[in-house]
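Dumped structure-v2.pdb below, it's PDB, C-alpha atoms and all ligand atoms:
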MODEL        1
ATOM      1  CA  MET A   1     219.268  78.297 238.830
ATOM      2  CA  ALA A   2     220.897  75.180 237.419
ATOM      3  CA  VAL A   3     220.101  72.669 234.671
ATOM      4  CA  VAL A   4     221.335  69.069 234.952
ATOM      5  CA  THR A   5     220.947  66.636 232.055
ATOM      6  CA  GLY A   6     220.922  62.903 232.765
ATOM      7  CA  ALA A   7     219.328  63.566 236.169
ATOM      8  CA  SER A   8     217.100  60.468 236.395
ATOM      9  CA  ARG A   9     219.735  58.485 238.356
ATOM     10  CA  GLY A  10     223.409  58.277 239.250
ATOM     11  CA  LEU A  11     225.613  61.337 239.423
ATOM     12  CA  GLY A  12     223.022  63.611 237.796
ATOM     13  CA  ALA A  13     220.282  62.734 240.309
ATOM     14  CA  GLY A  14     222.740  63.123 243.189
ATOM     15  CA  MET A  15     223.942  66.521 241.986
ATOM     16  CA  ALA A  16     220.337  67.660 241.598
ATOM     17  CA  GLU A  17     219.646  66.646 245.218
ATOM     18  CA  ARG A  18     222.624  68.688 246.420
ATOM     19  CA  PHE A  19     221.829  71.733 244.316
ATOM     20  CA  ALA A  20     218.260  71.748 245.646
ATOM     21  CA  ALA A  21     219.462  71.203 249.228
ATOM     22  CA  VAL A  22     221.524  74.408 249.081
ATOM     23  CA  GLY A  23     218.664  76.397 247.582
ATOM     24  CA  VAL A  24     219.482  76.310 243.865
ATOM     25  CA  ALA A  25     216.406  75.931 241.644
ATOM     26  CA  VAL A  26     216.809  73.022 239.224
ATOM     27  CA  GLY A  27     215.772  72.062 235.698
ATOM     28  CA  LEU A  28     216.245  68.318 235.277
ATOM     29  CA  CYS A  29     215.956  66.057 232.264
ATOM     30  CA  ALA A  30     216.736  62.553 231.008
ATOM     31  CA  ARG A  31     215.028  60.080 228.718
ATOM     32  CA  HIS A  32     213.076  58.972 231.839
ATOM     33  CA  ARG A  33     211.575  61.962 233.664
ATOM     34  CA  PRO A  34     213.719  62.663 236.776
ATOM     35  CA  SER A  35     212.086  62.656 240.215
ATOM     36  CA  PRO A  36     212.030  66.114 241.780
ATOM     37  CA  PRO A  37     214.492  66.373 244.704
ATOM     38  CA  ALA A  38     212.648  66.532 248.016
ATOM     39  CA  ALA A  39     214.299  69.835 248.934
ATOM     40  CA  ALA A  40     213.374  71.519 245.652
ATOM     41  CA  GLY A  41     209.793  72.312 246.656
ATOM     42  CA  ALA A  42     208.251  74.201 243.739
ATOM     43  CA  ASP A  43     211.655  75.299 242.392
ATOM     44  CA  VAL A  44     211.976  72.477 239.891
ATOM     45  CA  VAL A  45     211.175  71.657 236.272
ATOM     46  CA  THR A  46     211.490  68.046 235.110
ATOM     47  CA  ALA A  47     211.233  66.749 231.564
ATOM     48  CA  GLU A  48     211.723  63.698 229.373
ATOM     49  CA  VAL A  49     214.470  64.768 226.979
ATOM     50  CA  ASP A  50     216.799  62.708 224.823
ATOM     51  CA  VAL A  51     219.920  64.860 224.532
ATOM     52  CA  THR A  52     220.605  63.419 221.071
ATOM     53  CA  ASP A  53     217.567  65.410 219.847
ATOM     54  CA  ALA A  54     218.698  69.025 219.371
ATOM     55  CA  GLY A  55     215.138  70.307 219.078
ATOM     56  CA  ALA A  56     214.149  68.611 222.340
ATOM     57  CA  VAL A  57     217.155  70.144 224.114
ATOM     58  CA  ASP A  58     216.197  73.614 222.811
ATOM     59  CA  ARG A  59     212.585  73.167 223.902
ATOM     60  CA  PHE A  60     213.722  72.066 227.361
ATOM     61  CA  CYS A  61     215.977  75.125 227.637
ATOM     62  CA  ALA A  62     213.062  77.369 226.644
ATOM     63  CA  ALA A  63     210.725  75.698 229.154
ATOM     64  CA  VAL A  64     213.218  76.214 231.995
ATOM     65  CA  VAL A  65     213.782  79.870 231.036
ATOM     66  CA  ASP A  66     210.020  80.326 230.812
ATOM     67  CA  ARG A  67     209.654  79.027 234.369
ATOM     68  CA  PHE A  68     212.649  80.684 236.063
ATOM     69  CA  GLY A  69     213.567  83.629 233.804
ATOM     70  CA  ARG A  70     217.205  82.586 233.444
ATOM     71  CA  ILE A  71     219.676  79.701 233.776
ATOM     72  CA  ASP A  72     222.942  80.454 235.608
ATOM     73  CA  LEU A  73     224.578  77.011 235.429
ATOM     74  CA  TRP A  74     224.118  74.288 232.799
ATOM     75  CA  VAL A  75     225.595  70.829 233.519
ATOM     76  CA  ASN A  76     225.816  68.436 230.554
ATOM     77  CA  ASN A  77     225.984  65.225 232.586
ATOM     78  CA  ALA A  78     224.006  62.722 230.455
ATOM     79  CA  GLY A  79     226.336  60.062 229.124
ATOM     80  CA  LEU A  80     226.816  56.425 228.172
ATOM     81  CA  LEU A  81     229.723  54.026 228.609
ATOM     82  CA  ALA A  82     228.651  51.192 226.252
ATOM     83  CA  PRO A  83     229.908  49.514 224.200
ATOM     84  CA  ILE A  84     232.565  47.867 226.395
ATOM     85  CA  GLY A  85     235.002  45.506 224.675
ATOM     86  CA  PRO A  86     237.530  45.608 221.854
ATOM     87  CA  LEU A  87     236.614  48.101 219.148
ATOM     88  CA  ARG A  88     237.014  45.380 216.522
ATOM     89  CA  ASP A  89     233.953  43.605 217.987
ATOM     90  CA  ALA A  90     231.810  46.671 218.615
ATOM     91  CA  ASP A  91     228.341  46.988 217.160
ATOM     92  CA  PRO A  92     228.217  50.057 214.873
ATOM     93  CA  GLY A  93     224.825  51.072 216.267
ATOM     94  CA  GLU A  94     226.211  51.053 219.816
ATOM     95  CA  LEU A  95     229.214  53.104 218.714
ATOM     96  CA  ARG A  96     226.912  55.667 217.142
ATOM     97  CA  ALA A  97     224.661  55.782 220.228
ATOM     98  CA  ASN A  98     227.708  56.478 222.402
ATOM     99  CA  VAL A  99     228.987  59.326 220.242
ATOM    100  CA  ASP A 100     225.479  60.723 219.762
ATOM    101  CA  ALA A 101     224.836  60.996 223.509
ATOM    102  CA  ASN A 102     228.332  61.823 224.748
ATOM    103  CA  VAL A 103     229.435  64.212 222.000
ATOM    104  CA  LEU A 104     226.380  65.490 220.119
ATOM    105  CA  GLY A 105     224.363  65.670 223.347
ATOM    106  CA  VAL A 106     227.043  67.862 224.912
ATOM    107  CA  LEU A 107     227.341  70.012 221.775
ATOM    108  CA  TYR A 108     223.560  70.532 221.622
ATOM    109  CA  GLY A 109     223.308  71.416 225.312
ATOM    110  CA  SER A 110     226.320  73.733 225.118
ATOM    111  CA  ALA A 111     224.860  75.523 222.094
ATOM    112  CA  ALA A 112     221.438  75.947 223.690
ATOM    113  CA  PHE A 113     222.993  77.399 226.845
ATOM    114  CA  ALA A 114     225.357  79.696 224.905
ATOM    115  CA  ARG A 115     222.408  81.133 222.955
ATOM    116  CA  HIS A 116     220.515  81.648 226.223
ATOM    117  CA  VAL A 117     223.433  83.468 227.878
ATOM    118  CA  ARG A 118     223.721  85.828 224.895
ATOM    119  CA  ALA A 119     219.970  86.512 224.998
ATOM    120  CA  ARG A 120     219.925  87.956 228.536
ATOM    121  CA  PRO A 121     222.180  90.142 230.718
ATOM    122  CA  GLY A 122     225.049  88.652 232.755
ATOM    123  CA  GLY A 123     227.306  85.630 232.258
ATOM    124  CA  GLY A 124     226.862  81.957 233.027
ATOM    125  CA  THR A 125     228.693  78.712 233.742
ATOM    126  CA  LEU A 126     228.743  75.649 231.508
ATOM    127  CA  VAL A 127     230.014  72.370 232.988
ATOM    128  CA  ASN A 128     230.491  69.377 230.697
ATOM    129  CA  ILE A 129     231.025  66.164 232.641
ATOM    130  CA  SER A 130     234.158  64.498 231.307
ATOM    131  CA  SER A 131     236.188  61.557 232.601
ATOM    132  CA  GLY A 132     239.714  60.377 233.278
ATOM    133  CA  ALA A 133     239.027  58.288 230.154
ATOM    134  CA  ALA A 134     239.485  61.483 228.111
ATOM    135  CA  THR A 135     243.233  61.188 228.703
ATOM    136  CA  THR A 136     243.819  57.566 229.851
ATOM    137  CA  PRO A 137     243.426  55.007 227.038
ATOM    138  CA  TYR A 138     241.431  52.165 228.674
ATOM    139  CA  ALA A 139     241.424  49.033 226.478
ATOM    140  CA  GLY A 140     237.737  48.167 225.904
ATOM    141  CA  TRP A 141     236.445  51.746 226.016
ATOM    142  CA  ALA A 142     237.304  53.149 222.562
ATOM    143  CA  ALA A 143     234.042  55.030 222.026
ATOM    144  CA  TYR A 144     233.891  56.313 225.605
ATOM    145  CA  CYS A 145     237.524  57.471 225.670
ATOM    146  CA  ALA A 146     237.138  59.148 222.266
ATOM    147  CA  SER A 147     233.863  60.819 223.212
ATOM    148  CA  LYS A 148     235.201  62.202 226.500
ATOM    149  CA  ALA A 149     238.330  63.526 224.755
ATOM    150  CA  ALA A 150     235.946  65.265 222.355
ATOM    151  CA  VAL A 151     234.066  66.730 225.319
ATOM    152  CA  ASP A 152     237.297  68.242 226.658
ATOM    153  CA  GLN A 153     238.203  69.837 223.342
ATOM    154  CA  ALA A 154     234.670  71.062 222.588
ATOM    155  CA  THR A 155     234.654  72.703 226.011
ATOM    156  CA  ARG A 156     237.898  74.549 225.226
ATOM    157  CA  VAL A 157     236.327  75.802 222.005
ATOM    158  CA  VAL A 158     233.134  76.990 223.718
ATOM    159  CA  ALA A 159     235.230  78.709 226.398
ATOM    160  CA  ALA A 160     237.044  80.623 223.650
ATOM    161  CA  GLU A 161     233.918  81.408 221.626
ATOM    162  CA  GLU A 162     231.758  82.584 224.511
ATOM    163  CA  ALA A 163     234.195  84.376 226.839
ATOM    164  CA  ASP A 164     233.071  87.773 225.518
ATOM    165  CA  ALA A 165     229.514  86.919 226.619
ATOM    166  CA  GLY A 166     230.721  86.172 230.167
ATOM    167  CA  LEU A 167     230.172  82.431 229.751
ATOM    168  CA  ARG A 168     232.787  80.327 231.584
ATOM    169  CA  ALA A 169     233.027  76.730 230.325
ATOM    170  CA  TYR A 170     234.628  73.798 232.174
ATOM    171  CA  ALA A 171     235.106  70.113 231.412
ATOM    172  CA  VAL A 172     235.027  68.386 234.792
ATOM    173  CA  ALA A 173     236.108  64.779 235.376
ATOM    174  CA  PRO A 174     234.190  63.780 238.525
ATOM    175  CA  GLY A 175     236.523  61.012 239.727
ATOM    176  CA  VAL A 176     234.868  57.661 240.372
ATOM    177  CA  VAL A 177     231.248  57.743 241.582
ATOM    178  CA  ASP A 178     229.352  54.545 242.471
ATOM    179  CA  THR A 179     226.472  54.521 239.962
ATOM    180  CA  ASP A 180     224.829  52.116 237.507
ATOM    181  CA  MET A 181     227.703  52.930 235.143
ATOM    182  CA  GLN A 182     230.199  51.587 237.714
ATOM    183  CA  ALA A 183     228.049  48.466 238.213
ATOM    184  CA  SER A 184     228.164  47.797 234.468
ATOM    185  CA  ILE A 185     231.956  48.183 234.500
ATOM    186  CA  ARG A 186     232.342  45.677 237.367
ATOM    187  CA  ALA A 187     230.050  43.234 235.538
ATOM    188  CA  THR A 188     232.383  43.117 232.524
ATOM    189  CA  PRO A 189     234.766  40.134 232.252
ATOM    190  CA  ALA A 190     238.487  40.939 232.179
ATOM    191  CA  GLU A 191     238.740  39.557 228.619
ATOM    192  CA  ARG A 192     236.592  42.463 227.446
ATOM    193  CA  PHE A 193     237.849  45.080 229.923
ATOM    194  CA  PRO A 194     241.368  44.287 231.217
ATOM    195  CA  ALA A 195     241.364  47.045 233.882
ATOM    196  CA  VAL A 196     238.236  45.674 235.601
ATOM    197  CA  GLU A 197     240.109  44.577 238.757
ATOM    198  CA  ARG A 198     240.887  48.223 239.582
ATOM    199  CA  PHE A 199     237.127  48.885 239.685
ATOM    200  CA  HIS A 200     236.464  45.852 241.940
ATOM    201  CA  GLU A 201     239.131  47.214 244.277
ATOM    202  CA  LEU A 202     237.439  50.634 244.333
ATOM    203  CA  LYS A 203     234.195  48.903 245.374
ATOM    204  CA  ARG A 204     235.932  46.828 248.075
ATOM    205  CA  THR A 205     237.523  49.969 249.544
ATOM    206  CA  ASP A 206     234.515  52.230 248.883
ATOM    207  CA  ALA A 207     236.951  54.734 247.371
ATOM    208  CA  TYR A 208     234.377  56.851 245.594
ATOM    209  CA  ASN A 209     233.522  60.495 245.241
ATOM    210  CA  SER A 210     229.945  61.166 246.323
ATOM    211  CA  PRO A 211     227.615  63.089 244.002
ATOM    212  CA  ALA A 212     227.363  65.777 246.715
ATOM    213  CA  TRP A 213     231.164  66.242 246.675
ATOM    214  CA  VAL A 214     231.119  66.636 242.893
ATOM    215  CA  ALA A 215     228.139  68.997 243.125
ATOM    216  CA  ASP A 216     229.936  71.214 245.655
ATOM    217  CA  HIS A 217     232.944  71.451 243.324
ATOM    218  CA  ILE A 218     230.650  72.553 240.489
ATOM    219  CA  LEU A 219     228.787  75.043 242.703
ATOM    220  CA  ARG A 220     232.127  76.692 243.545
ATOM    221  CA  LEU A 221     232.994  76.901 239.842
ATOM    222  CA  ALA A 222     229.644  78.541 239.146
ATOM    223  CA  PHE A 223     229.167  80.860 242.078
ATOM    224  CA  ASP A 224     232.606  81.374 243.729
ATOM    225  CA  PRO A 225     235.154  80.578 241.023
ATOM    226  CA  PRO A 226     238.877  80.666 241.718
ATOM    227  CA  ALA A 227     240.532  83.111 239.295
ATOM    228  CA  ASP A 228     242.843  80.425 237.920
ATOM    229  CA  ALA A 229     240.319  77.576 237.437
ATOM    230  CA  PRO A 230     241.490  75.559 234.404
ATOM    231  CA  THR A 231     239.000  74.848 231.620
ATOM    232  CA  VAL A 232     239.661  71.087 231.801
ATOM    233  CA  GLN A 233     239.893  69.760 235.331
ATOM    234  CA  ARG A 234     239.307  66.833 237.656
ATOM    235  CA  VAL A 235     237.441  66.764 240.995
ATOM    236  CA  ALA A 236     239.836  65.893 243.827
ATOM    237  CA  ALA A 237     239.392  62.602 245.674
ATOM    238  CA  GLU A 238     236.955  62.946 248.558
ATOM    239  CA  PRO A 239     238.667  62.463 251.933
ATOM    240  CA  ARG A 240     237.811  59.075 253.428
ATOM    241  CA  PRO A 241     236.641  58.835 257.044
ATOM    242  CA  GLY A 242     239.413  57.524 259.352
TER     243      GLY A 242
HETATM  244  N1  LIG B   1     230.251  57.091 237.577
HETATM  245  C1  LIG B   1     231.522  57.403 237.378
HETATM  246  O1  LIG B   1     232.424  56.911 238.063
HETATM  247  C2  LIG B   1     231.888  58.399 236.315
HETATM  248  C3  LIG B   1     233.257  58.700 236.153
HETATM  249  C4  LIG B   1     233.616  59.628 235.190
HETATM  250  C5  LIG B   1     232.641  60.254 234.435
HETATM  251  N2  LIG B   1     231.333  59.938 234.608
HETATM  252  C6  LIG B   1     230.336  60.630 233.787
HETATM  253  O2  LIG B   1     229.305  61.127 234.622
HETATM  254  C7  LIG B   1     228.083  61.203 233.892
HETATM  255  C8  LIG B   1     226.998  60.475 234.669
HETATM  256  O3  LIG B   1     227.390  59.105 234.787
HETATM  257  P1  LIG B   1     226.695  58.085 235.801
HETATM  258  O4  LIG B   1     227.764  57.260 236.358
HETATM  259  O5  LIG B   1     225.733  58.790 236.699
HETATM  260  O6  LIG B   1     225.915  57.194 234.732
HETATM  261  P2  LIG B   1     224.508  56.430 234.851
HETATM  262  O7  LIG B   1     224.290  55.975 236.232
HETATM  263  O8  LIG B   1     224.530  55.435 233.740
HETATM  264  O9  LIG B   1     223.468  57.596 234.508
HETATM  265  C9  LIG B   1     223.486  58.202 233.248
HETATM  266  C10 LIG B   1     222.399  59.256 233.170
HETATM  267  O10 LIG B   1     222.412  59.806 231.831
HETATM  268  C11 LIG B   1     221.083  59.706 231.298
HETATM  269  N3  LIG B   1     221.167  59.563 229.848
HETATM  270  C12 LIG B   1     221.855  58.624 229.149
HETATM  271  N4  LIG B   1     221.644  58.803 227.835
HETATM  272  C13 LIG B   1     220.832  59.886 227.710
HETATM  273  C14 LIG B   1     220.251  60.563 226.610
HETATM  274  N5  LIG B   1     220.465  60.173 225.333
HETATM  275  N6  LIG B   1     219.480  61.642 226.855
HETATM  276  C15 LIG B   1     219.245  62.053 228.115
HETATM  277  N7  LIG B   1     219.755  61.451 229.193
HETATM  278  C16 LIG B   1     220.524  60.373 228.988
HETATM  279  C17 LIG B   1     220.445  58.533 232.022
HETATM  280  O11 LIG B   1     219.047  58.656 232.107
HETATM  281  P3  LIG B   1     217.981  57.941 231.140
HETATM  282  O12 LIG B   1     218.408  56.508 230.989
HETATM  283  O13 LIG B   1     216.688  58.142 231.889
HETATM  284  O14 LIG B   1     218.053  58.727 229.893
HETATM  285  C18 LIG B   1     221.013  58.711 233.431
HETATM  286  O15 LIG B   1     220.249  59.662 234.135
HETATM  287  C19 LIG B   1     228.368  60.602 232.510
HETATM  288  O16 LIG B   1     228.645  61.631 231.587
HETATM  289  C20 LIG B   1     229.620  59.769 232.768
HETATM  290  O17 LIG B   1     230.374  59.566 231.595
HETATM  291  C21 LIG B   1     230.939  59.025 235.521
ENDMDL
END

Please rewrite the model in this file as structure tokens.
Amino acid sequence: MAVVTGASRGLGAGMAERFAAVGVAVGLCARHRPSPPAAAGADVVTAEVDVTDAGAVDRFCAAVVDRFGRIDLWVNNAGLLAPIGPLRDADPGELRANVDANVLGVLYGSAAFARHVRARPGGGTLVNISSGAATTPYAGWAAYCASKAAVDQATRVVAAEEADAGLRAYAVAPGVVDTDMQASIRATPAERFPAVERFHELKRTDAYNSPAWVADHILRLAFDPPADAPTVQRVAAEPRPG
């Protein structure tokens, strides 16, 4: 049984589809209620949840446990890129919204899942979706780079705090996935985001990881983990046809 936050579109919706297709029951949330994956049948809970609201995240966790009895895998995927552009020009409200969703949202979800794992027998797997931006300083992405670096470090802390409960925590950079977030990157002029040409080239060459590829990586971490899986890691590039 897996929870995915930010499952109304993009990577989260695609991972939910894959999880359901391989028979994993899913609990899905976002600010807009996610559509149930076709393959999920009755094995799905969907909810409108803003991950910046700790109480709402706790209530969602309780509702999923109520329905399925336990959660084996929790994926904190909800995230924002904006604001894009030099930090000196950034709107303070947009900076706060970024950190609230990308950092506090991940902390709240991680805490809710850690409490759940300690409240029932057996371990569990926490996956926090990170980014190459956690370690590469992209000009124009100050809040995003900072928030994803925070995700990596928070994940290391949770891994240390919860190991005795059998909780394994991973920060997973998914590679580049063609979602609304990528469209907003490509729509940014080079004056505000100097690396934009790299993202146009990715589109021209269709050099993306699919959500299903990322989902399969996460399923292995949860249900067939290699003994030496690092806490902070990146999904390998998906082989291209031809
Ligand atoms: N796409 C990439 O190439 C890429 C690369 C590296 C990392 N990532 C990471 O992958 C994750 C998903 O990105 P994406 O590309 O799929 O982005 P996206 O297309 O913009 O989708 C973001 C998802 O997060 C949800 N969300 C945003 N703020 C939320 C909030 N406060 N509460 C609940 N849900 C919220 C959105 O739903 P609502 O609007 O309905 O709330 C949506 O479902 C993010 O953490 C992103 O940083 C993406």

Output as JSON lines one row per residue of chain A within 7 Å of ligand LIG 1 (chain B): the closest atom pair and its distance in Å to one decimal place, counting only C-alpha atoms and all ligand atoms, sorted by chain and residue number ascending.
{"residue": "A:Thr5", "atom": "CA", "partner": "B:LIG1", "partner_atom": "N7", "distance": 6.0}
{"residue": "A:Gly6", "atom": "CA", "partner": "B:LIG1", "partner_atom": "C11", "distance": 3.5}
{"residue": "A:Ala7", "atom": "CA", "partner": "B:LIG1", "partner_atom": "O15", "distance": 4.5}
{"residue": "A:Ser8", "atom": "CA", "partner": "B:LIG1", "partner_atom": "O15", "distance": 4.0}
{"residue": "A:Arg9", "atom": "CA", "partner": "B:LIG1", "partner_atom": "O15", "distance": 4.4}
{"residue": "A:Gly10", "atom": "CA", "partner": "B:LIG1", "partner_atom": "O5", "distance": 3.5}
{"residue": "A:Leu11", "atom": "CA", "partner": "B:LIG1", "partner_atom": "O5", "distance": 3.7}
{"residue": "A:Gly12", "atom": "CA", "partner": "B:LIG1", "partner_atom": "O5", "distance": 5.6}
{"residue": "A:Ala13", "atom": "CA", "partner": "B:LIG1", "partner_atom": "O15", "distance": 6.9}
{"residue": "A:Cys29", "atom": "CA", "partner": "B:LIG1", "partner_atom": "C15", "distance": 6.6}
{"residue": "A:Ala30", "atom": "CA", "partner": "B:LIG1", "partner_atom": "N7", "distance": 3.7}
{"residue": "A:Arg31", "atom": "CA", "partner": "B:LIG1", "partner_atom": "O14", "distance": 3.5}
{"residue": "A:His32", "atom": "CA", "partner": "B:LIG1", "partner_atom": "O13", "distance": 3.7}
{"residue": "A:Arg33", "atom": "CA", "partner": "B:LIG1", "partner_atom": "O13", "distance": 6.6}
{"residue": "A:Val49", "atom": "CA", "partner": "B:LIG1", "partner_atom": "C15", "distance": 5.6}
{"residue": "A:Asp50", "atom": "CA", "partner": "B:LIG1", "partner_atom": "N6", "distance": 3.5}
{"residue": "A:Val51", "atom": "CA", "partner": "B:LIG1", "partner_atom": "N6", "distance": 4.0}
{"residue": "A:Thr52", "atom": "CA", "partner": "B:LIG1", "partner_atom": "N5", "distance": 5.4}
{"residue": "A:Asn77", "atom": "CA", "partner": "B:LIG1", "partner_atom": "O16", "distance": 4.6}
{"residue": "A:Ala78", "atom": "CA", "partner": "B:LIG1", "partner_atom": "O10", "distance": 3.6}
{"residue": "A:Gly79", "atom": "CA", "partner": "B:LIG1", "partner_atom": "O16", "distance": 3.7}
{"residue": "A:Leu80", "atom": "CA", "partner": "B:LIG1", "partner_atom": "C12", "distance": 5.5}
{"residue": "A:Leu81", "atom": "CA", "partner": "B:LIG1", "partner_atom": "O17", "distance": 6.3}
{"residue": "A:Ala101", "atom": "CA", "partner": "B:LIG1", "partner_atom": "N5", "distance": 4.8}
{"residue": "A:Asn102", "atom": "CA", "partner": "B:LIG1", "partner_atom": "O16", "distance": 6.8}
{"residue": "A:Ile129", "atom": "CA", "partner": "B:LIG1", "partner_atom": "O16", "distance": 5.2}
{"residue": "A:Ser130", "atom": "CA", "partner": "B:LIG1", "partner_atom": "C5", "distance": 5.5}
{"residue": "A:Ser131", "atom": "CA", "partner": "B:LIG1", "partner_atom": "C4", "distance": 4.1}
{"residue": "A:Gly132", "atom": "CA", "partner": "B:LIG1", "partner_atom": "C4", "distance": 6.4}
{"residue": "A:Ala173", "atom": "CA", "partner": "B:LIG1", "partner_atom": "C4", "distance": 5.7}
{"residue": "A:Pro174", "atom": "CA", "partner": "B:LIG1", "partner_atom": "C4", "distance": 5.4}
{"residue": "A:Gly175", "atom": "CA", "partner": "B:LIG1", "partner_atom": "C3", "distance": 5.4}
{"residue": "A:Val176", "atom": "CA", "partner": "B:LIG1", "partner_atom": "O1", "distance": 3.4}
{"residue": "A:Val177", "atom": "CA", "partner": "B:LIG1", "partner_atom": "O1", "distance": 3.8}
{"residue": "A:Asp178", "atom": "CA", "partner": "B:LIG1", "partner_atom": "N1", "distance": 5.6}
{"residue": "A:Thr179", "atom": "CA", "partner": "B:LIG1", "partner_atom": "O7", "distance": 4.6}
{"residue": "A:Asp180", "atom": "CA", "partner": "B:LIG1", "partner_atom": "O7", "distance": 4.1}
{"residue": "A:Met181", "atom": "CA", "partner": "B:LIG1", "partner_atom": "O8", "distance": 4.3}
{"residue": "A:Gln182", "atom": "CA", "partner": "B:LIG1", "partner_atom": "N1", "distance": 5.5}

Handout entry: Closest of A:Thr155, A:Ser210, A:Ser110, A:Asn98 to A:Trp141 - atom-to-atom distances counting all atoms listed in the file
Key = A:Asn98

Handout entry: Separation of atom CA of A:Pro226 from atom CA of A:Val65 in Å
Key =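 Interatomic distance, atom CA of A:Val65 to atom CA of A:Pro226: 27.3 Å.
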
Handout entry: Minimum-distance residue to A:Leu87, chosen among A:Trp74, A:Tyr108, A:Phe113, A:Phe193 (using all atoms listed in the file)
Key =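 Looking at the shortest contact to A:Leu87, the residue is A:Phe193.
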
Exercise for the section: Would you translate the PyMOL selection byres (((chain A and resi 121) around 12) and not hetatm) into the concrete set of residues it matches in this file, as a list in words? Expected result: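 So the PyMOL selection byres (((chain A and resi 121) around 12) and not hetatm), applied here, picks out Gly69, Arg70, Ile71, Asp72, Arg115, His116, Val117, Arg118, Ala119, Arg120, Gly122, Gly123, Gly124, Ala165, Gly166 and Leu167 of chain A.
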
Practice task
May I ask for the distance between atom CA of A:Ala149 and atom CA of A:Pro230, given in Å to one decimal place?
Solution key: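 Here the two named atoms are 15.7 Å from each other.
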
Problem - Minimum-distance residue to A:Ala227, chosen among A:Ala97, A:Ala150, A:Arg168, A:Ser184 (using all atoms listed in the file) - result: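 Of A:Ala97, A:Ala150, A:Arg168, A:Ser184, the one nearest A:Ala227 is A:Arg168, counting all atoms listed in the file.
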
Could the centre and edge lengths of an axis-aligned box, enclosing all atoms of stretch 18-29 of chain A in the file with 6 Å extra on each side, be given in Å to one decimal as lines of an AutoDock Vina configuration file?
center_x = 219.2
center_y = 71.2
center_z = 240.7
size_x = 18.9
size_y = 22.3
size_z = 29.0

Completion exercise
Of A:Tyr170, A:Val232, A:Arg96, A:Phe223, the one sitting nearest A:Val24 when using all atoms listed in the file is A:Phe223

Exercise for the section: Using only C-alpha atoms, pick whichever of A:Ala133, A:Thr205, A:Asn128, A:Ala215 has the shortest atom-to-atom distance to A:Thr231. Expected result: A:Asn128

Problem - Nearest to A:Ala114 by atom-to-atom distance, counting all atoms listed in the file, from A:Val151, A:Val99, A:Cys61, A:Ala236 - result: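 Nearest candidate to A:Ala114 out of A:Val151, A:Val99, A:Cys61, A:Ala236: A:Cys61.
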
Restore N, CA and C atoms in stretch 45-58 of chain A and list the result as a tab-separated table (two decimals), in the frame of the given file.
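Full text of out-v4.tsv as output:
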chain	number	residue	atom	x	y	z
A	45	VAL	N	211.82	72.08	237.52
A	45	VAL	CA	211.18	71.66	236.27
A	45	VAL	C	211.78	70.32	235.91
A	46	THR	N	210.96	69.33	235.57
A	46	THR	CA	211.49	68.05	235.11
A	46	THR	C	210.93	67.75	233.73
A	47	ALA	N	211.70	67.05	232.92
A	47	ALA	CA	211.23	66.75	231.56
A	47	ALA	C	211.90	65.49	231.03
A	48	GLU	N	211.16	64.80	230.15
A	48	GLU	CA	211.72	63.70	229.37
A	48	GLU	C	212.40	64.30	228.15
A	49	VAL	N	213.71	64.21	228.10
A	49	VAL	CA	214.47	64.77	226.98
A	49	VAL	C	215.57	63.78	226.61
A	50	ASP	N	215.65	63.46	225.33
A	50	ASP	CA	216.80	62.71	224.82
A	50	ASP	C	217.79	63.75	224.30
A	51	VAL	N	218.98	63.79	224.90
A	51	VAL	CA	219.92	64.86	224.53
A	51	VAL	C	220.47	64.70	223.11
A	52	THR	N	220.18	63.56	222.47
A	52	THR	CA	220.60	63.42	221.07
A	52	THR	C	219.64	64.11	220.11
A	53	ASP	N	218.58	64.70	220.64
A	53	ASP	CA	217.57	65.41	219.85
A	53	ASP	C	217.75	66.91	220.11
A	54	ALA	N	218.38	67.61	219.15
A	54	ALA	CA	218.70	69.03	219.37
A	54	ALA	C	217.45	69.85	219.63
A	55	GLY	N	216.38	69.55	218.90
A	55	GLY	CA	215.14	70.31	219.08
A	55	GLY	C	214.57	70.12	220.48
A	56	ALA	N	214.65	68.89	220.99
A	56	ALA	CA	214.15	68.61	222.34
A	56	ALA	C	214.98	69.34	223.39
A	57	VAL	N	216.29	69.42	223.17
A	57	VAL	CA	217.16	70.14	224.11
A	57	VAL	C	216.80	71.64	224.10
A	58	ASP	N	216.58	72.20	222.91
A	58	ASP	CA	216.20	73.61	222.81
A	58	ASP	C	214.86	73.88	223.50
